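Visitor: Quick one: the structure is below, and I'll ask about it shortly.
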Amino acid sequence: MQVHATELTITIVVFALVSALGFVATRWRRAEPLHTLDQWALAGRGFRSWISWFVVGGDLYTAYTYVAVPALLFGSGAIGFYALPYVAIEYPLVFLLMIRLWSVCKTHGYVTPADFVRGRFGSPTLALAVAITGIVATMPYIALNLLGIQAVFTTIGVSGHWPLVIAFAVLAAFTYRSGVRAPALISFVKDILVYVVIGVAIIYIPMRLGGWTHIFDSYNAHFEAAPPHTATLLTSANQYQYITLALGSAFAIFLYPHSVTGVLTTKNRAVVKRTLAGLPIYSFVLGLIALFGVMAIAAGTKPLTGANGKPDTNTVVPNMFENIFPHWFTGLAFGMIVIGALVPAAFMSIAAANLFTRNIYKEYLRRGASAREETEVSKIASLVVKAGALLFILLIDPQFSIDLQLLGGAIILQTLPSVFIGLYTAWLHRGALIAGWVAGIATSIWTFYLTPNTALKQPHWGGTAFALSHLGMHTEVQLYIGFIGVVVNLVVAFAGTALLKLLKVRGGTDQTAPPDYFTDVADKEERPLEPELAA
Amino acid sequence: MSESSNPNEPAARAAATARRSDRSPWNWLLLIPVVLPLLTFVYNRETPRLLGFPFFFWFQLLFTLLAAAVTALVFLLTKPRS
């Protein structure tokens with residue numbers, strides 16, 4: 001296959017530019033050296049409204065989303081649009097939760113969701129469970145972002161894995177040096193590029209293809225031949241799957257450690273609120289991006305063959321861009337996807353590294369670790385996490401990463417009782433929470449296993465839509481596996497708590513007090529950046 | 001993890017923390033943008049089309065703007081008076 005030189009050049013220039021920013025970022029808004037996790041991993045908890053909107057948006061909306069959501073609409077029809085209600089409800093859903101989380105983390109210097117759980121329920125074991133869940137769910141997520149980069153390079157005509165290795169080596173270097181400031185500063189470039197590229201494409205492509213009416217008619221016609229015989233409507237079988245996927249994913253996203261990291265970089269509660277109020281704008285843009293999958297049907301775009309020799313629907317959007325736009329613009333769009341992978345990957349590796357440092361290393365390996373040692377360990381762990389994600393892609397069938405990430409959303413949801421309910425009450429017993437976590441994860445894995453994979457024609461590990469007929473029910477209704485898991489989890493956690501309290505088993509000591517959940521910092525402060533954390 | 005108690009912390013914090021509660025009847029408004037997108041029977045229809053978009057697509061796109069508007073409204077209505 002021929003290499004498209006213009007596209008490759010522009011993609012590389014964009015990458016080089018943001019990498020330079022990543023290295024410079026170490027000096028950005030810095031009042032002191034990066035020797036504490038508060039500085040390296042949370043940028044001094046000092047980002048204000050506009051910056052935090054870019055930063056959290058850059059953190060949450062990944063390159064994988066940009067290619068996978070349209071790919072889902074391309075391949076599956078209306079059900080793929082579940083991403084829209086998901087990203088529409090997530091912010092009002094967590095609005096009140098996140099300000100409480102921000103306050104309690106600020107008061108006690110918590111860096112990870114597991115830190116909070118440890119303090120709230122007095123249980124390092126429960127914190128370990130939350131930390132391991134976070135790491136396991138995050139690793140394949142990072143790996144999938146690599147797949148986003150890979151889809152771009154496949155389309156450009158560059159085969160082999162070396163572009164991934166180089167991109168990740170550079171990413172690892174500037175994240176190590178600058179911490180969260182690197183992806184934070186790069187988010188500006190990423191997001192501006194996203195708005196420009198999508199803004200142009202959403203107007204230009206429909207014009208070229210003959211208008212929206214024609215696009216949606218072609219879309220429907222394409223799906224008429226096979227069940228569900230429509231691409232623009234949900235069926236009685238999949239509409240519960242649609243709702244439970246949307247609701248489950250909306251709860252799950254703010255349980256992911258990298259989302260919590262993003263929220264904790266903000267300066268005060270008002271910033272958290274303003275940021276959450278502004279983020280649905282990104283959701284609107286994601287909705288538009290999803291429609292590229294619809295356009296690709298009308299445009300007659302075919303997926304290219306991926307690294308594993310099978311057609312890779314993730315290449316649909318890059319391929320359509322290449323067929324429609326001049327090379328320089330396609331190059332810009334590809335650059336956008338590459339940065340769109342790097343920014344969240346940096347956040348995710350930092351968040352996963354912090355979980356290791358705070359809740360495994362400091363808890364079980366070296367109790368007396370100083371703030372400086374913690375930071376060093378996190379920096380190294382962030383390298384290990386990225387190397388691990390890279391090996392995932394290089395050594396194992398990418399399908400495994402995709403499956404694992406789907407499962408990851410379901411298992412991270414199993415930390416909901418500890419983290420989200422924990423934000424409101426310490427009533428639940430630590431033992432019951434651990435039991436619920438085990439039951440929820442087991443249920444998620446079991447239902448995932450029972451679902452056949454229709455696309456690859458395999459009997460098991462088929463995805464996140466569990467047909468209730470597996471349980472002997474006479475219905476065609478399907479539900480999201482994570483949703484089923486969390487229901488089981490909650491039942492076990494509440495019933496278990498009641499039982500343990502009846503048996504008078506001692507619970508953990510709550511180290512937080514009610515006012516801790518309302519701590520705030522004034523908007524205007526004379527002090528530049530939280531000097532009290534310098535020690 | 002260390003419960004790092006910072007010597008100059010309490011005074012500044014107490015001053016900055018205006019109210020010790022997030023309770024407000026306005027918070028109930030947040031239910032609207034959360035519940036509406038989950039009611040598939042409301043939007044699982046083809047018509048009326050808008051600019052060529054089936055109802056299913058254009059109506060759901062509006063949910064994102066609804067979320068922004070309601071969340072911003074709740075933020076403004078529950079702002080502590082300074």
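Residues in the structure tokens are numbered from 1 in each chain, the chains being A, B, ... in the order shown, and ligands are numbered from 1 in the order shown.
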Could you name the residues that touch segment 49-56 of chain B at 7 Å or less, counting only C-alpha atoms, but leaving out those on the same chain fewer than 3 positions away, as a CSV table (one decimal) with N, CA and C atoms, in the first residue's frame?

Guide:
```csv
chain,number,residue,atom,x,y,z
A,212,TRP,N,-28.6,15.5,4.3
A,212,TRP,CA,-28.9,14.6,5.4
A,212,TRP,C,-30.0,13.6,5.1
A,213,THR,N,-31.0,14.0,4.3
A,213,THR,CA,-32.1,13.1,4.0
A,213,THR,C,-31.6,11.9,3.3
A,216,PHE,N,-29.5,9.6,5.7
A,216,PHE,CA,-30.2,8.7,6.6
A,216,PHE,C,-31.0,7.7,5.8
A,232,THR,N,-32.5,3.3,12.2
A,232,THR,CA,-32.8,4.6,12.9
A,232,THR,C,-33.8,4.4,14.0
A,233,LEU,N,-34.1,3.2,14.4
A,233,LEU,CA,-35.0,2.9,15.5
A,233,LEU,C,-34.5,1.8,16.4
B,43,TYR,N,-38.6,9.1,22.3
B,43,TYR,CA,-37.9,9.5,21.1
B,43,TYR,C,-37.6,8.4,20.1
B,44,ASN,N,-38.1,7.2,20.4
B,44,ASN,CA,-37.8,6.1,19.4
B,44,ASN,C,-38.8,6.1,18.3
B,45,ARG,N,-38.7,7.1,17.5
B,45,ARG,CA,-39.6,7.3,16.4
B,45,ARG,C,-38.9,8.0,15.2
B,46,GLU,N,-39.5,7.8,14.0
B,46,GLU,CA,-38.8,8.2,12.8
B,46,GLU,C,-39.1,9.7,12.5
B,59,PHE,N,-33.5,14.6,18.2
B,59,PHE,CA,-34.1,14.9,19.5
B,59,PHE,C,-33.0,14.5,20.6
B,60,GLN,N,-32.3,13.4,20.3
B,60,GLN,CA,-31.3,13.0,21.3
B,60,GLN,C,-30.1,14.0,21.4
```

Visitor: Leaving out Val263 of chain A and any residue of its chain fewer than 3 positions from it, which residues lie within 8 Å of it when counting only C-alpha atoms, given as a list of chain:residue names?

Guide: A:Val56, A:Met98, A:Trp102, A:Ser259, A:Val260, A:Thr266, A:Val272

Visitor: Got a sec: who's within 8 Å of Ala83 of chain A, counting only C-alpha atoms, leaving out chain neighbours fewer than 3 positions off, as a VMD selection string?

Guide: chain A and resid 69 80 86 to 87 246 287

Visitor: Once you have the residues from the selection above, write them out as an mmCIF file, in the first residue's frame, restricted to C-alpha atoms.

Guide:
```cif
data_model
loop_
_atom_site.group_PDB
_atom_site.id
_atom_site.type_symbol
_atom_site.label_atom_id
_atom_site.label_comp_id
_atom_site.auth_asym_id
_atom_site.auth_seq_id
_atom_site.Cartn_x
_atom_site.Cartn_y
_atom_site.Cartn_z
ATOM 1 C CA VAL A 69 -18.505 5.360 18.427
ATOM 2 C CA GLY A 80 -24.645 2.458 18.674
ATOM 3 C CA TYR A 86 -24.711 8.291 28.052
ATOM 4 C CA VAL A 87 -22.698 11.482 27.564
ATOM 5 C CA ALA A 246 -26.306 4.561 28.822
ATOM 6 C CA GLY A 287 -22.956 13.196 18.964
#
```

Visitor: For Val35 of chain B, list every protein, DNA or RNA residue within 10 Å, evaluated using only C-alpha atoms, and leave out those in the same chain fewer than 3 positions away; present the list as a ChimeraX atom specification.

Guide: /A:85,89,93,247 /B:30-32,38-39

Visitor: Go ahead and save the residues from that selection, with N, CA and C atoms, as a compact mmCIF listing (two decimals), in the first residue's frame.

Guide:
```
# COMPACT_ATOMS: atom_id res chain seq x y z
N PRO A 85 -27.16 9.38 24.83
CA PRO A 85 -27.77 9.56 26.16
C PRO A 85 -26.73 9.37 27.27
N ILE A 89 -26.37 12.39 29.99
CA ILE A 89 -26.83 12.32 31.39
C ILE A 89 -25.69 12.32 32.40
N LEU A 93 -25.90 13.85 36.32
CA LEU A 93 -25.93 12.69 37.21
C LEU A 93 -24.89 12.80 38.33
N LEU A 247 -27.05 4.40 31.13
CA LEU A 247 -27.03 4.72 32.55
C LEU A 247 -25.79 4.14 33.23
N LEU B 30 -32.13 18.61 38.30
CA LEU B 30 -31.13 17.76 37.64
C LEU B 30 -31.73 16.43 37.17
N LEU B 31 -32.85 16.06 37.77
CA LEU B 31 -33.48 14.80 37.36
C LEU B 31 -33.97 14.86 35.90
N ILE B 32 -34.35 16.04 35.46
CA ILE B 32 -34.93 16.15 34.11
C ILE B 32 -33.94 15.67 33.04
N LEU B 38 -33.51 8.58 29.20
CA LEU B 38 -33.67 7.14 29.46
C LEU B 38 -35.05 6.65 29.03
N LEU B 39 -35.92 7.56 28.62
CA LEU B 39 -37.27 7.17 28.23
C LEU B 39 -37.30 6.95 26.71
```

Visitor: Quick one: pull the distance between atom CA of Tyr361 of chain A and atom CA of Lys106 of chain A, Å, one decimal.

Guide: 21.7 Å

Visitor: I want to know what sits within 10 Å of Ile297 of chain A, based on only C-alpha atoms, with residues of the same chain fewer than 4 positions away left out; could you give that as an MDAnalysis selection string?

Guide: chainID A and resid 73:75 215:216 218:223 292:293 301:302 316 320

Visitor: Fewer than 2 positions away in the same chain doesn't count, so skip those; otherwise give me all residues within 12 Å of Thr415 of chain A, counting only C-alpha atoms, as a PyMOL selection string.

Guide: chain A and resi 113-114+116-117+126-134+137+251-257+408-413+417-422+433-441+482+485-486+489-490+493

Visitor: Could you please determine the separation between atom CA of Ala346 of chain A and atom CA of Gly119 of chain A in Å, to one decimal place?

Guide: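 A separation of 26.9 Å between them.
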
Visitor: Between A:Ile142, A:Ile243, A:Leu286, A:Leu264, which residue has the minimum interatomic distance to Leu101 of chain A, considering only C-alpha atoms?

Guide: A:Leu264

Visitor: For atom CA of Tyr110 of chain A and atom CA of Glu363 of chain A, quote the distance in Å rounded to one decimal.

Guide: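 It comes out at 13.6 Å.
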